[in-house]
Amino acid sequence: MDPTPPTLLRRVPWPYVATATAALIIQLNPAWRGALLYDRAAVSAGEFWRVWTGHLVHFGWPHFIADTGLLLILGWLLQVRHARFSNLALGFMPLFITAVLYWLDPTMLRYGGLSAVDLGLLVFLALQGWQRHWADWFWPAVLVIYVGEIIFEIVQGGRGGGMIRFDDPGISVATSAHIASAAYALLAWLYVSHRTVKKPEPAGSG
């Protein structure tokens, strides 16, 4: 029997496909946005599901396509070498990002989208790639671009990343969410790097 089809199926990042599908269902039902979006006042009132579902809500189709498209690409790349990290990150990174927003950025009253999750995954992928080939210029360039984008967003007051138009004029780029995702990626990379340090092999017996 040809092993290629099962191999390809195993490489499909199914948790990422499921996440993108959930975001699509929400996008097709705009009336759900109000009940699922991260809303600081609603979370304070006990609507805790918003700390995760808010990341699945997008402000318009361009926002949705950019976020979910990059998510699927990153999921496919990470599935090859870092499947465990990437799958766990889908569950824990959104919570980490929202916790940072809630506790450290009280001015962020609403938040939606997968962009911060995407960027956290990209930072982890870049750090892993750079670690494998320290002399490679590509991954350091990705990290420099990321840092440059964060600085640009701060200088512009959340108006960086202007290629995407939101359908709500009151929405701007959530720089603090992007910083939080980078922090998560850095912590995860340090943890994984520590766990994968090669231990001395026991001496063989003869």
# chains A, B, ... in the order shown; residues from 1 in each chain; ligands from 1

call {"tool": "residues_around", "arguments": {"residues": "Val43 (chain A)", "least_positions_apart": "5", "cutoff": "12 Å", "atoms": "only C-alpha atoms", "output": "PyMOL selection string"}}
result
chain A and resi 35-38+48-54+98-99+101-103+109-111

call {"tool": "closest_residue", "arguments": {"among": "A:Asp168, A:Ala182, A:Ala45, A:Val173", "to": "Val147 (chain A)", "atoms": "only C-alpha atoms"}}
result
A:Ala182

call {"tool": "closest_atom_pairs", "arguments": {"of": "region 19-119 of chain A", "to": "region 142-146 of chain A", "cutoff": "12 Å", "atoms": "only C-alpha atoms", "output": "CSV"}}
result
residue,atom,partner,partner_atom,distance
A:Ala116,CA,A:Tyr146,CA,11.5
A:Asp118,CA,A:Tyr146,CA,11.6
A:Leu119,CA,A:Tyr146,CA,8.1

call {"tool": "closest_residue", "arguments": {"among": "A:Leu104, A:Leu72, A:His63, A:Gln128", "to": "Ala18 (chain A)", "atoms": "only C-alpha atoms"}}
result
A:Leu72
